[in-house]
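Data block below; observations after.
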Amino acid sequence: MNRTTVNINLDHVIGEAHDHLYGANLEHLGQAVYGGVWAEMLRDRKFAGNDYMYKSPSEGLYNVHLGIGIVAPWEAANPDYEAVLFAHDNSDFYTGRQSQRISIRRADGQARGIKQGSLYLESERDYELCLVLKGQGQSLEVQLGDERWQIAELGDDWQSYQRTFTEAGADPKGELTLTIREGTAWIGCASLMPSDHMRGFRADVIAAMRDWAPTQLRWPGGNFVSAYHWETGVGDRDKRPAYLDPAWWLWESNDVGTDEFVDLCRLVGAEPVLTANMGNGSPEEARAWVEYCNGDASTEYGALRAANGYEEPHDVKVWFVGNEQYGNWQVGHVDAETYAASYIEFARAMRDADPELTLIGVGTPVDLYAHWNEIVLPIAGQEMDLFSLHYYSVRTEKQPVTPDPDEIFLPKMAAWHEVRGMLDDTLAIVDQHSPKPLPIAFDEWNTYVNAKGPNFIEKYNLADALYTGSIMNLCLQRADRIHYSAIYHLTNVMGCYLIAPLYNWEEIHLGRRGGWVPVDTGDNPARPAVIKMPATLVLELMTHHRGRQALQTTVDCGTFASPAAGTMPAFDDVPLMNAATTLDADAKALFLSLVNCAVDEPMDVSITGVEVETDVDMYCVSGASPLATNTFEAPDTVAIEHQTMPLDQLQLPPHSFALLVLRLK
């Protein structure tokens with residue numbers, strides 16, 4: 001039996017446990033936004049991408065693809081190379097620089113056109129379809145699942161058509177088909193959403209996220225922000241241009257922009273946090289974005305926001321000024337001196353629009369990337385409010401063979417021990433070189449084992465949940481210096497939530513490199529659903545059961561050894577338990593978060609230093625093994641269990657996280 005003594009010092013307040021410690025990132029990557037939290041069911045709904053030219057990689061006299069001219073992943077409906085011509089029309093389009101054209105070359109009475117499959121249709125749901133079309137007076141036939149709709153006459157100007165489908169039926173591989181029998185028709189864009197969506201977001205995802213209600217969400221990246229121009233992402237969604245994002249080489253529909261992101265935050269109770277584009281953006285662009293978010297309707301960009309349907313300011317007060325500009329994976333990456341000088345220009349321009357902003361500069365772990373922190377801080381630190389830090393633990397994702405889960409769970413559970421040293425070393429570097437005391441925003445962190453592009457799905461399990469609890473404890477133990485924390489990532493991509501159905505992807509080559517396209521959901525797609533990964537349960541508990549002050553908490557326990565894995569060395573003396581405590585003085589309550597890394601045995605816990613009531617509420621996240629996880633087939637394998645137990649009988653299951661609510665006498 002393992003035993004631990006946890007001492008809580010009521011007289012030693014470390015600092016305020018800031019609201020911003022309980023957040024997450026949301027980046028436009030993989031299936032995080034589109035096919036994730038956003039309710040749109042169609043892929044490439046604005047027909048911005050490329051087509052398949054040949055049946056196999058090389059051209060030839062007999063190798064023409066019957067769907068040539070159709071933007072992937074759309075396909076031909078009843079193709080015939082001589083009877084119908086398809087073209088991605090770059091001369092006559094509704095949005096961006098391209099539309100889908102269908103021309104009947106030989107009118108033989110057959111309906112021909114385009115279709116998109118892998119639409120999971122459910123009989124209990126209604127679906128809202130919107131099409132922007134033009135034609136030559138002919139009719140256009142629409143079929144969604146079992147239900148048909150005929151648009152009698154297409155005019156020669158772009159026009160929007162809407163219909164709610166109530167009898168599409170049930171089909172996990174449902175199709176939307178758009179066909180004509182004569183003439184030429186153009187499709188400018190198309191949209192299909194379940195009718196129960198919430199301001200464009202999936203209702204089931206919103207419901208799951210409300211269980212956590214992260215205190216803040218950071219958007220739109222991440223690497224994505226290094227080429228993101230906010231002004232193209234506001235206004236009429238159908239008119240916003242889709243484009244190939246050069247950071248991740250994915251087609252960006254531009255449907256989720258500033259206003260939609262703020263809507264999401266309001267729906268789940270999170271504060272919106274934005275990141276300015278320092279890759280190929282400008283101080284003037286950043287200033288305009290601040291004014292769009294925070295200016296009243298009398299300002300130029302506040303008036304634009306009001307015209308877009310948001311009369312009241314969004315009141316976004318926390319902004320990151322750039323993201324990982326030190327990295328050659330960024331669009332517009334720069335050296336440290338250049339970043340520091342640019343930061344000052346951006347910060348002054350942004351504060352000109354709103355002097356009350358909290359601005360966060362780009363930092364690195366310890367002093368990596370050619371002594372980045374040492375160079376940036378003396379130049380720009382005076383104008384920073386926080387200094388950003390990103391760190392991913394273990395990192396085996398670039399190894400040719402992903403380690404077996406049995407080989408990696410101990411390094412995951414030990415990784416907090418390395419992070420503890422990294423945080424303290426980084427804080428020492430910041431203190432040495434910053435012209436003023438500067439707190440840290442630990443705004444990207446997680447384990448990184450087998451997530452690979454383009455979907456970056458990570459197979460998280462209970463070991464990752466223990467890592468998450470440990471990282472949160474580290475932040476609370478340094479609450480005087482760490483004022484902001486955000487796990488990476490919220491949905492699907494290394495996600496707290498896994499959302500189905502999931503796509504299969506294909507790389508469509510564009511000359512100098514490829515762009516990834518989500519083509520289908522496979523033969524046996526999972527029903528539309530959202531599951532919480534084990535770490536999410538830990539975040540739910542720590543967010544909902546917390547006080548305003550972090551107290552000094554020490555742990556006396558045994559240790560364990562962990563082998564080296566990925567980028568992390570071996571350790572011989574990792575404590576079996578770590579802990580943190582917050583105090584709600586008004587409620588006379590303590591909230592003690594405990595991580596038990598003992599794999600095979602429970603942990604008896606003694607609490608000293610405080611006088612508390614004899615009955616303790618314990619909320620526990622545990623499982624049969626550190627590999628336990630949640631899946632679409634078994635979404636509640638790892639769940640939160642609540643029990644009340646006597647103080648003198650406190651015992652944590654093996655490999656578990658516990659949140660204890662202690663009531664002061």
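A note on labels: chains of the structure tokens are A, B, ... as shown, every chain counts residues from 1, and ligands are counted from 1 in their shown order.
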
Contact residues around region 565-573 of chain A with only C-alpha atoms at 9 Å, ignoring same-chain residues under 4 positions, as a ChimeraX atom specification
/A:393-399,403,407-408,411-412,414-415,417-418,449,558-561

Take the residues from that selection and put them in a file with N, CA, C and O atoms, as a PDB file, in the first residue's frame.
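Contents of selection.pdb, as written:
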```
ATOM      1  N   SER A 393       4.837  17.556 -24.503  1.00  0.00           N
ATOM      2  CA  SER A 393       5.621  16.553 -23.790  1.00  0.00           C
ATOM      3  C   SER A 393       5.704  15.231 -24.547  1.00  0.00           C
ATOM      4  O   SER A 393       4.794  14.859 -25.296  1.00  0.00           O
ATOM      5  N   VAL A 394       6.799  14.537 -24.326  1.00  0.00           N
ATOM      6  CA  VAL A 394       7.120  13.203 -24.836  1.00  0.00           C
ATOM      7  C   VAL A 394       7.488  13.250 -26.322  1.00  0.00           C
ATOM      8  O   VAL A 394       8.588  12.878 -26.707  1.00  0.00           O
ATOM      9  N   ARG A 395       6.566  13.651 -27.184  1.00  0.00           N
ATOM     10  CA  ARG A 395       6.787  13.873 -28.607  1.00  0.00           C
ATOM     11  C   ARG A 395       7.447  12.689 -29.312  1.00  0.00           C
ATOM     12  O   ARG A 395       8.647  12.639 -29.530  1.00  0.00           O
ATOM     13  N   THR A 396       6.626  11.762 -29.697  1.00  0.00           N
ATOM     14  CA  THR A 396       7.078  10.661 -30.549  1.00  0.00           C
ATOM     15  C   THR A 396       6.414  10.712 -31.912  1.00  0.00           C
ATOM     16  O   THR A 396       6.556   9.786 -32.708  1.00  0.00           O
ATOM     17  N   GLU A 397       5.685  11.813 -32.201  1.00  0.00           N
ATOM     18  CA  GLU A 397       4.849  11.841 -33.404  1.00  0.00           C
ATOM     19  C   GLU A 397       5.646  11.805 -34.701  1.00  0.00           C
ATOM     20  O   GLU A 397       5.111  11.430 -35.742  1.00  0.00           O
ATOM     21  N   LYS A 398       6.936  12.162 -34.648  1.00  0.00           N
ATOM     22  CA  LYS A 398       7.739  12.158 -35.872  1.00  0.00           C
ATOM     23  C   LYS A 398       8.608  10.913 -35.999  1.00  0.00           C
ATOM     24  O   LYS A 398       9.362  10.787 -36.960  1.00  0.00           O
ATOM     25  N   GLN A 399       8.502  10.014 -35.049  1.00  0.00           N
ATOM     26  CA  GLN A 399       9.208   8.750 -35.185  1.00  0.00           C
ATOM     27  C   GLN A 399       8.518   7.884 -36.242  1.00  0.00           C
ATOM     28  O   GLN A 399       7.299   7.940 -36.398  1.00  0.00           O
ATOM     29  N   PRO A 403       5.277   4.352 -30.673  1.00  0.00           N
ATOM     30  CA  PRO A 403       5.437   3.369 -29.592  1.00  0.00           C
ATOM     31  C   PRO A 403       4.110   2.725 -29.220  1.00  0.00           C
ATOM     32  O   PRO A 403       3.046   3.339 -29.318  1.00  0.00           O
ATOM     33  N   GLU A 407       4.126   0.978 -23.823  1.00  0.00           N
ATOM     34  CA  GLU A 407       5.466   1.522 -23.655  1.00  0.00           C
ATOM     35  C   GLU A 407       5.458   3.007 -23.311  1.00  0.00           C
ATOM     36  O   GLU A 407       6.485   3.542 -22.884  1.00  0.00           O
ATOM     37  N   ILE A 408       4.340   3.666 -23.490  1.00  0.00           N
ATOM     38  CA  ILE A 408       4.335   5.121 -23.430  1.00  0.00           C
ATOM     39  C   ILE A 408       3.552   5.674 -22.249  1.00  0.00           C
ATOM     40  O   ILE A 408       3.674   6.858 -21.919  1.00  0.00           O
ATOM     41  N   PRO A 411       5.916   7.205 -19.380  1.00  0.00           N
ATOM     42  CA  PRO A 411       6.447   8.529 -19.732  1.00  0.00           C
ATOM     43  C   PRO A 411       5.391   9.628 -19.727  1.00  0.00           C
ATOM     44  O   PRO A 411       5.675  10.764 -19.317  1.00  0.00           O
ATOM     45  N   LYS A 412       4.172   9.330 -20.167  1.00  0.00           N
ATOM     46  CA  LYS A 412       3.114  10.349 -20.096  1.00  0.00           C
ATOM     47  C   LYS A 412       2.863  10.770 -18.655  1.00  0.00           C
ATOM     48  O   LYS A 412       2.726  11.962 -18.350  1.00  0.00           O
ATOM     49  N   ALA A 414       4.858  10.602 -16.203  1.00  0.00           N
ATOM     50  CA  ALA A 414       6.044  11.234 -15.605  1.00  0.00           C
ATOM     51  C   ALA A 414       6.373  12.575 -16.235  1.00  0.00           C
ATOM     52  O   ALA A 414       7.211  13.325 -15.716  1.00  0.00           O
ATOM     53  N   ALA A 415       5.736  12.911 -17.346  1.00  0.00           N
ATOM     54  CA  ALA A 415       6.138  14.094 -18.115  1.00  0.00           C
ATOM     55  C   ALA A 415       6.011  15.385 -17.325  1.00  0.00           C
ATOM     56  O   ALA A 415       6.763  16.341 -17.555  1.00  0.00           O
ATOM     57  N   HIS A 417       6.962  15.936 -14.477  1.00  0.00           N
ATOM     58  CA  HIS A 417       8.206  16.130 -13.726  1.00  0.00           C
ATOM     59  C   HIS A 417       9.204  16.935 -14.559  1.00  0.00           C
ATOM     60  O   HIS A 417       9.903  17.825 -14.038  1.00  0.00           O
ATOM     61  N   GLU A 418       9.267  16.637 -15.870  1.00  0.00           N
ATOM     62  CA  GLU A 418      10.119  17.424 -16.766  1.00  0.00           C
ATOM     63  C   GLU A 418       9.559  18.831 -16.935  1.00  0.00           C
ATOM     64  O   GLU A 418      10.306  19.818 -16.928  1.00  0.00           O
ATOM     65  N   VAL A 449       1.988  12.246 -29.115  1.00  0.00           N
ATOM     66  CA  VAL A 449       2.516  10.902 -29.323  1.00  0.00           C
ATOM     67  C   VAL A 449       2.313  10.414 -30.750  1.00  0.00           C
ATOM     68  O   VAL A 449       3.258  10.069 -31.445  1.00  0.00           O
ATOM     69  N   GLY A 558       6.298   8.479  -2.065  1.00  0.00           N
ATOM     70  CA  GLY A 558       7.336   7.733  -2.731  1.00  0.00           C
ATOM     71  C   GLY A 558       7.551   8.206  -4.161  1.00  0.00           C
ATOM     72  O   GLY A 558       6.935   9.176  -4.625  1.00  0.00           O
ATOM     73  N   THR A 559       8.423   7.501  -4.883  1.00  0.00           N
ATOM     74  CA  THR A 559       8.756   7.878  -6.261  1.00  0.00           C
ATOM     75  C   THR A 559       8.654   6.659  -7.171  1.00  0.00           C
ATOM     76  O   THR A 559       8.540   5.515  -6.721  1.00  0.00           O
ATOM     77  N   PHE A 560       8.680   6.915  -8.471  1.00  0.00           N
ATOM     78  CA  PHE A 560       8.718   5.839  -9.457  1.00  0.00           C
ATOM     79  C   PHE A 560       9.682   6.216 -10.570  1.00  0.00           C
ATOM     80  O   PHE A 560      10.069   7.386 -10.725  1.00  0.00           O
ATOM     81  N   ALA A 561      10.101   5.220 -11.331  1.00  0.00           N
ATOM     82  CA  ALA A 561      11.022   5.420 -12.450  1.00  0.00           C
ATOM     83  C   ALA A 561      10.259   5.337 -13.759  1.00  0.00           C
ATOM     84  O   ALA A 561       9.304   4.575 -13.907  1.00  0.00           O
TER      85      ALA A 561
END
```

Have a look at CA of Pro400 (chain A) and CA of Gly453 (chain A) and let me know their distance in Å, one decimal.
13.9 Å

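Proximity ranking of A:Thr338, A:Gln382, A:Asn254, A:Thr402 relative to Leu359 (chain A) places A:Gln382 first, based on only C-alpha atoms.
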
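One distance worth recording is that between CA of Asp245 (chain A) and CA of Asp89 (chain A), which is 20.9 Å.
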
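Omitting Pro518 (chain A) and its sequence neighbours fewer than 3 positions away, and counting only C-alpha atoms, the residues within 9 Å are A:Gly30, A:Gln31, A:Arg43, A:Asp44, A:Ala72, A:Pro73, A:Tyr503, A:Asn504, A:Trp505, A:Glu506, A:Glu507, A:Thr521.
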
For Ala580 (chain A), the nearest of the candidates A:Val33, A:Thr608, A:Ile8, A:Leu427, counting only C-alpha atoms
A:Ile8

Contacts of Val225 (chain A) at 9 Å or less, counting only C-alpha atoms, minus same-chain residues fewer than 5 places along, as a list in words?
Glu27, His28, Trp219, Pro220, Ala247, Thr275, Ala276, Asn277, Met278, Gly279, Gly322, Asn323 and Val331 of chain A

Selection export as a compact mmCIF listing (two decimals), in the first residue's frame, atoms kept: N, CA, C and O atoms:
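Contents of part-v3.txt, freshly written:
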```txt
# COMPACT_ATOMS: atom_id res chain seq x y z
N GLU A 27 -8.09 25.94 -33.12
CA GLU A 27 -7.36 26.34 -34.32
C GLU A 27 -8.01 25.71 -35.55
O GLU A 27 -8.55 24.60 -35.49
N HIS A 28 -7.94 26.41 -36.67
CA HIS A 28 -8.46 25.89 -37.94
C HIS A 28 -7.45 24.89 -38.50
O HIS A 28 -6.47 25.25 -39.16
N TRP A 219 -8.13 31.70 -30.12
CA TRP A 219 -8.45 31.47 -31.54
C TRP A 219 -7.80 32.59 -32.35
O TRP A 219 -7.57 33.68 -31.81
N PRO A 220 -7.48 32.41 -33.65
CA PRO A 220 -7.69 31.24 -34.50
C PRO A 220 -6.46 30.35 -34.64
O PRO A 220 -6.40 29.52 -35.54
N ALA A 247 -0.44 27.73 -44.05
CA ALA A 247 0.19 27.20 -42.84
C ALA A 247 0.02 25.69 -42.74
O ALA A 247 0.95 24.96 -42.40
N THR A 275 -5.65 36.06 -31.36
CA THR A 275 -4.23 36.12 -31.69
C THR A 275 -4.05 36.90 -32.97
O THR A 275 -4.68 36.59 -33.99
N ALA A 276 -3.21 37.92 -32.93
CA ALA A 276 -2.97 38.77 -34.10
C ALA A 276 -1.99 38.10 -35.06
O ALA A 276 -1.05 37.43 -34.65
N ASN A 277 -2.23 38.30 -36.34
CA ASN A 277 -1.40 37.76 -37.40
C ASN A 277 -0.14 38.61 -37.55
O ASN A 277 -0.18 39.72 -38.07
N MET A 278 1.00 38.05 -37.11
CA MET A 278 2.29 38.70 -37.32
C MET A 278 3.10 38.00 -38.40
O MET A 278 4.26 38.33 -38.63
N GLY A 279 2.47 37.01 -39.08
CA GLY A 279 3.18 36.31 -40.15
C GLY A 279 3.21 37.13 -41.41
O GLY A 279 4.27 37.61 -41.83
N GLY A 322 1.07 37.66 -32.14
CA GLY A 322 1.85 36.69 -32.88
C GLY A 322 1.79 35.31 -32.22
O GLY A 322 1.29 35.14 -31.10
N ASN A 323 2.33 34.34 -32.94
CA ASN A 323 2.35 32.95 -32.48
C ASN A 323 3.60 32.26 -33.00
O ASN A 323 3.80 32.16 -34.22
N VAL A 331 4.25 30.96 -41.27
CA VAL A 331 4.32 31.92 -42.37
C VAL A 331 4.94 33.20 -41.81
O VAL A 331 4.46 33.75 -40.83
```

All strand (DSSP E) positions in region 128-262 of chain A, as a VMD selection string:
chain A and resid 128 to 134 140 to 144 147 to 151 159 to 165 171 to 180 184 to 194 216 to 219 243 to 245 250 to 252

As a check of understanding: the span from CA of Phe387 (chain A) to CA of Leu466 (chain A) is 26.1 Å

Fewer than 3 positions away in the same chain doesn't count, so skip those; otherwise give me all residues within 7 Å of Gln143 (chain A), counting only C-alpha atoms, as a list in words.
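The contact residues come out as Glu147, Arg148, Trp149, Leu176, Thr177 and Leu178 of chain A.
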
Using N, CA, C and O atoms, can you write the selected residues to a file as a CSV table (one decimal), in the first residue's frame?
```csv
chain,number,residue,atom,x,y,z
A,147,GLU,N,-35.6,12.3,-50.1
A,147,GLU,CA,-36.5,13.4,-50.4
A,147,GLU,C,-36.0,14.2,-51.7
A,147,GLU,O,-34.8,14.5,-51.8
A,148,ARG,N,-36.9,14.6,-52.5
A,148,ARG,CA,-36.6,15.3,-53.7
A,148,ARG,C,-37.2,16.7,-53.7
A,148,ARG,O,-38.2,17.0,-53.0
A,149,TRP,N,-36.6,17.6,-54.4
A,149,TRP,CA,-37.0,19.0,-54.5
A,149,TRP,C,-36.7,19.5,-55.9
A,149,TRP,O,-35.5,19.3,-56.4
A,176,LEU,N,-26.3,14.1,-51.4
A,176,LEU,CA,-26.9,15.2,-51.9
A,176,LEU,C,-26.6,15.3,-53.4
A,176,LEU,O,-25.4,15.3,-53.8
A,177,THR,N,-27.6,15.3,-54.3
A,177,THR,CA,-27.4,15.3,-55.7
A,177,THR,C,-28.1,16.5,-56.3
A,177,THR,O,-29.2,16.9,-56.0
A,178,LEU,N,-27.4,17.2,-57.2
A,178,LEU,CA,-27.9,18.4,-58.0
A,178,LEU,C,-27.7,18.1,-59.4
A,178,LEU,O,-26.6,18.0,-59.9
```

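Closest approach to Phe409 (chain A) among A:Pro437, A:Gly113, A:Pro626, A:Pro602 is made by A:Pro626 (distances from only C-alpha atoms).
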
Assign secondary structure with DSSP using the backbone only, and return the residues of region 406-641 of chain A in helix (DSSP H, G or I) as a ChimeraX atom specification.
/A:406-433,462-477,534-544

Which residues, written as a list in words, have at least one atom at most 9 Å from Gly169 (chain A), with only C-alpha atoms counted and residues fewer than 5 positions away on the same chain left out?
Leu121, Glu122, Ser123, Glu124, Arg125, Leu144, Gly145, Asp146, Glu147 and Gly174 of chain A
